[in-house]
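**Student:** I have a structure I would like to understand better, so I am pasting it below and will then ask my questions one at a time.
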Amino acid sequence: MKADAFALRLLIVIQLLSMGAMEMSGPFWPLQIQALSGGDDPRVIALLSSAVYAGPMIAAMLLTPLWGRLGDRTGHKPMILRALLALALCQGLAGVISNPWGLVGVRIAQGALAGFLAAAQAYALYWCTPTSRGRTLAHLQSVTAIGSLLGPVLGGWLMDSAGFAVLCFSATGICVACAMVSAWLPADPARARTAKHQGTSASPLPRRWLGGILLIIVLVQAAKIMPQPFYALYVAEVLTAPSWIIGATYGASALTLALSAPLWGRLFDRLQPAQTLKVIERVTWLCAATLAATALVGQWPAFMATRLVWGVWQGALLPVAYMLIATTVSHQQQGFAMGLGNSAAKAGALLGTVVGGVAMATVGLHHAFWFVASAYLCAALFIGLVRRYHSASASFVSANPTHNA
């Protein structure tokens with residue numbers, strides 16, 4: 001267990017630093033597109049500014065499961081090293097490229113070559129015990145949230161003080177340092193995976209369960225990302241709040257997510273999958289109610305309170321869905337399964353971004369958050385269907401033990 005604890009702690013540090021490095025440039029890609037475009041048509045700039053975010057998400061959605069499958073065959077430590085070096089290379093190229101189309105191409109290559117999160121999750125699942133999966137994945141989700149919170153702050157300071165190129169080179173340096181540190185991670189050879197876990201975990205759940213969990217991830221991630229296209233405008237124009245309130249309220253949910261996720265993980269480690277789904281369903285209903293309250297409040301202090309509460313509920317959704325995926329497949333397929341989960345999250349993010357833009361255009365800023373509440377309502381109803389279907393299937397198998405013989 002000493003080697004296990006060392007591997008997980010070191011992985012958490014690597015994920016915190018690397019995700020923070022990746023988020024440093026997150027808000028500033030459109031500004032760099034605009035700077036490199038010069039006097040280009042504003043419509044072209046708008047197109048490129050959208051593509052610089054959507055392109056890598058689509059590439060990652062398509063290719064992450066393939067990197068995960070390769071990790072299942074070779075071990076996930078090499079995939080972590082590969083992803084970190086790919087991130088470092090792409091960030092470095094982004095700092096020197098002088099063409100906006102080339103910048104979009106570098107971003108797409110980054111999405112295609114990375115796959116770090118799925119590799120880290122599969123590696124962590126190898127080293128943790130079956131009874132601590134929820135806690136482990138929740139800790140990784142927490143440090144990802146912290147990195148997403150702190151990275152843009154550091155990136156903004158570097159952008160103002162030294163420029164976009166230095167920002168990218170700083171991210172490159174952090175990723176290279178993380179790659180060097182990851183060389184100290186204990187290896188997880190693919191051949192050892194079966195022996196290590198043989199007889200230590202429950203039988204995998206029916207494969208049809210996996211499709212349901214992936215759709216749940218799409219729905220809850222879509223609802224989570226949906227406010228992004230209109231969030232800043234909503235706080236500024238509807239709540240008439242200053243810019244610092246925009247940042248503070250946006251980061252509030254990330255803070256409570258980071259604090260609550262390990263606690264949720266500890267709870268779910270003690271529950272069976274069917275019980276876990278029941279809790280997730282209730283949490284999703286609470287998300288819908290919280291976002292309805294967000295849509296109703298008219299002052300920023302109350303808005304801040306709903307954001308803090310929403311972050312608490314968020315800690316019980318995505319990392320727990322990944323845990324349910326981990327129980328669905330054999331240990332030899334964890335990388336591929338985590339890749340599918342991350343692809344589903346990317347698909348949900350794309351869907352949420354599109355629907356959020358449609359909400360802003362059709363119902364206006366004042367009512368846009370009702371779209372988000374409705375999205376959580378749909379997700380809760382679907383989770384209920386999956387849970388009831390799984391319960392009915394389990395009852396049928398129990399009553400007919402020779403059905404699948």
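Just remember, in the structure tokens the first chain shown is A, the second B, etc., residues are 1-based per chain, and ligands are 1-based in the order shown.
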Residues within 12 Å of A:Ser25, please, as JSON, numbers by chain. Count only C-alpha atoms; anything in the same chain fewer than 5 positions from it doesn't count.
**Tutor:** {"A": [19, 20, 30, 31, 32, 52, 53, 90, 91, 92, 94, 95, 107, 148, 150, 151, 152, 153, 154, 155, 156, 157, 158, 159, 163, 164, 165, 166, 167, 168, 169, 170, 171, 172]}
**Student:** Identify, on the basis of only C-alpha atoms, every residue whose closest approach to A:Ile383 does not exceed 12 Å; exclude the query and any residue fewer than 6 positions from it along the same chain; express the result as an NGL selection string.
**Tutor:** :A and (209 or 211-220 or 274 or 276-285 or 317 or 321 or 376-377 or 389-390)
**Student:** Please save C-alpha atoms of the selected residues as a short mmCIF file (atom, residue, chain, number, x, y, z; two decimals), in the first residue's frame.
**Tutor:**
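Saved to again-v9.cif:
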```cif
data_model
loop_
_atom_site.label_atom_id
_atom_site.label_comp_id
_atom_site.auth_asym_id
_atom_site.auth_seq_id
_atom_site.Cartn_x
_atom_site.Cartn_y
_atom_site.Cartn_z
CA TRP A 209 -25.51 -0.07 -18.31
CA GLY A 211 -24.47 3.29 -22.58
CA GLY A 212 -26.87 4.69 -19.99
CA ILE A 213 -24.06 6.11 -17.86
CA LEU A 214 -22.41 7.70 -20.89
CA LEU A 215 -25.68 9.42 -21.79
CA ILE A 216 -26.00 10.62 -18.20
CA ILE A 217 -22.54 12.17 -18.49
CA VAL A 218 -23.55 13.92 -21.72
CA LEU A 219 -26.67 15.38 -20.11
CA VAL A 220 -25.17 16.56 -16.81
CA ALA A 274 -28.22 1.08 -7.94
CA THR A 276 -25.57 5.41 -6.14
CA LEU A 277 -27.81 6.14 -9.11
CA LYS A 278 -30.71 6.87 -6.77
CA VAL A 279 -28.63 9.48 -4.94
CA ILE A 280 -27.38 10.97 -8.21
CA GLU A 281 -30.98 11.25 -9.42
CA ARG A 282 -31.94 13.20 -6.29
CA VAL A 283 -28.87 15.41 -6.60
CA THR A 284 -29.80 16.21 -10.20
CA TRP A 285 -33.28 17.23 -9.05
CA LEU A 317 -22.15 14.05 -10.52
CA ALA A 321 -20.44 8.77 -13.10
CA TYR A 376 -31.13 19.31 -15.26
CA LEU A 377 -34.81 18.37 -15.15
CA TYR A 389 -34.38 -0.20 -16.07
CA HIS A 390 -31.32 -1.46 -14.21
#
```
**Student:** Step one, run DSSP on the backbone; step two, keep only residues of stretch 226-268 of chain A assigned to helix (DSSP H, G or I); then write them as a ChimeraX atom specification.
**Tutor:** /A:231-238,243-268
**Student:** Restricted to C-alpha atoms, what would the selected residues look like written as a JSON list (two decimals), in the first residue's frame?
**Tutor:**
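Contents of selection-v1.json, freshly written:
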```
[["chain", "number", "residue", "atom", "x", "y", "z"],
["A", 231, "TYR", "CA", -22.70, 33.92, -18.01],
["A", 232, "ALA", "CA", -20.57, 37.08, -18.03],
["A", 233, "LEU", "CA", -23.23, 39.08, -19.84],
["A", 234, "TYR", "CA", -25.91, 37.89, -17.41],
["A", 235, "VAL", "CA", -23.98, 38.97, -14.33],
["A", 236, "ALA", "CA", -22.98, 42.28, -15.88],
["A", 237, "GLU", "CA", -26.31, 43.29, -17.46],
["A", 238, "VAL", "CA", -29.03, 41.51, -15.48],
["A", 243, "SER", "CA", -16.27, 42.48, -13.37],
["A", 244, "TRP", "CA", -14.77, 41.18, -10.14],
["A", 245, "ILE", "CA", -18.17, 39.77, -9.21],
["A", 246, "ILE", "CA", -18.23, 37.88, -12.52],
["A", 247, "GLY", "CA", -14.97, 36.16, -11.63],
["A", 248, "ALA", "CA", -15.90, 35.61, -7.99],
["A", 249, "THR", "CA", -19.28, 34.03, -8.69],
["A", 250, "TYR", "CA", -17.85, 31.94, -11.50],
["A", 251, "GLY", "CA", -15.11, 30.58, -9.24],
["A", 252, "ALA", "CA", -17.46, 30.02, -6.31],
["A", 253, "SER", "CA", -18.95, 26.84, -7.77],
["A", 254, "ALA", "CA", -15.48, 25.48, -8.59],
["A", 255, "LEU", "CA", -14.45, 26.04, -4.98],
["A", 256, "THR", "CA", -17.39, 24.18, -3.45],
["A", 257, "LEU", "CA", -17.07, 21.42, -6.07],
["A", 258, "ALA", "CA", -13.43, 20.91, -5.07],
["A", 259, "LEU", "CA", -14.36, 20.77, -1.38],
["A", 260, "SER", "CA", -17.42, 18.54, -1.72],
["A", 261, "ALA", "CA", -16.27, 15.98, -4.31],
["A", 262, "PRO", "CA", -14.07, 13.92, -1.93],
["A", 263, "LEU", "CA", -16.90, 13.81, 0.61],
["A", 264, "TRP", "CA", -19.34, 12.59, -2.02],
["A", 265, "GLY", "CA", -16.78, 10.05, -3.19],
["A", 266, "ARG", "CA", -16.40, 8.69, 0.34],
["A", 267, "LEU", "CA", -20.18, 8.29, 0.56],
["A", 268, "PHE", "CA", -20.56, 6.57, -2.80]]
```
**Student:** So that I can check the surroundings of A:Val354, please list as a PyMOL selection string every protein, DNA and RNA residue that reaches within 8 Å of it, counting only C-alpha atoms and ignoring chain neighbours fewer than 4 positions away.
**Tutor:** chain A and resi 226+350+358
**Student:** Work out how far apart atom CA of A:Val386 and atom CA of A:Pro273 are and give it in Å to one decimal.
**Tutor:**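 About the pair atom CA of A:Val386 and atom CA of A:Pro273: they are 11.5 Å apart.
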**Student:** Write out as a CSV table (one decimal) with C-alpha atoms, in the first residue's frame each polymer residue whose atoms come within 9 Å of A:Ala337, counting only C-alpha atoms; drop sequence neighbours fewer than 6 positions from it.
**Tutor:**
```csv
chain,number,residue,atom,x,y,z
A,65,PRO,CA,-10.9,6.4,-26.3
A,68,GLY,CA,-7.2,4.8,-23.6
A,69,ARG,CA,-7.3,1.5,-25.5
A,118,ALA,CA,-8.5,9.7,-19.1
A,122,ALA,CA,-7.3,4.8,-15.5
A,210,LEU,CA,-22.4,1.6,-19.8
A,322,TYR,CA,-16.8,7.9,-13.9
A,325,ILE,CA,-18.2,3.3,-15.6
A,326,ALA,CA,-15.2,1.8,-13.8
A,328,THR,CA,-19.0,-1.6,-15.7
A,329,VAL,CA,-15.9,-3.0,-17.5
```
**Student:** With distances taken over only C-alpha atoms, which of A:Leu239, A:Ala223, A:Ala316, A:Ala124 is nearest to A:Ala302?
**Tutor:**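 The shortest atom-to-atom distance to A:Ala302 comes from A:Leu239.
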**Student:** Which residues, written as an mmCIF file with C-alpha atoms, in the first residue's frame, have at least one atom at most 8 Å from A:Ala179, with only C-alpha atoms counted and residues fewer than 3 positions away on the same chain left out?
**Tutor:**
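And here's part-v2.cif as it stands now:
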```
data_model
loop_
_atom_site.group_PDB
_atom_site.id
_atom_site.type_symbol
_atom_site.label_atom_id
_atom_site.label_comp_id
_atom_site.auth_asym_id
_atom_site.auth_seq_id
_atom_site.Cartn_x
_atom_site.Cartn_y
_atom_site.Cartn_z
ATOM 1 C CA ILE A 80 0.482 10.144 -19.086
ATOM 2 C CA LEU A 81 4.015 10.919 -20.264
ATOM 3 C CA LEU A 84 2.070 15.793 -21.021
ATOM 4 C CA LEU A 85 4.758 16.067 -23.694
ATOM 5 C CA CYS A 175 4.019 20.515 -18.550
ATOM 6 C CA VAL A 176 7.639 19.507 -19.172
ATOM 7 C CA SER A 182 5.769 11.615 -13.792
ATOM 8 C CA ALA A 183 8.833 9.509 -14.608
#
```
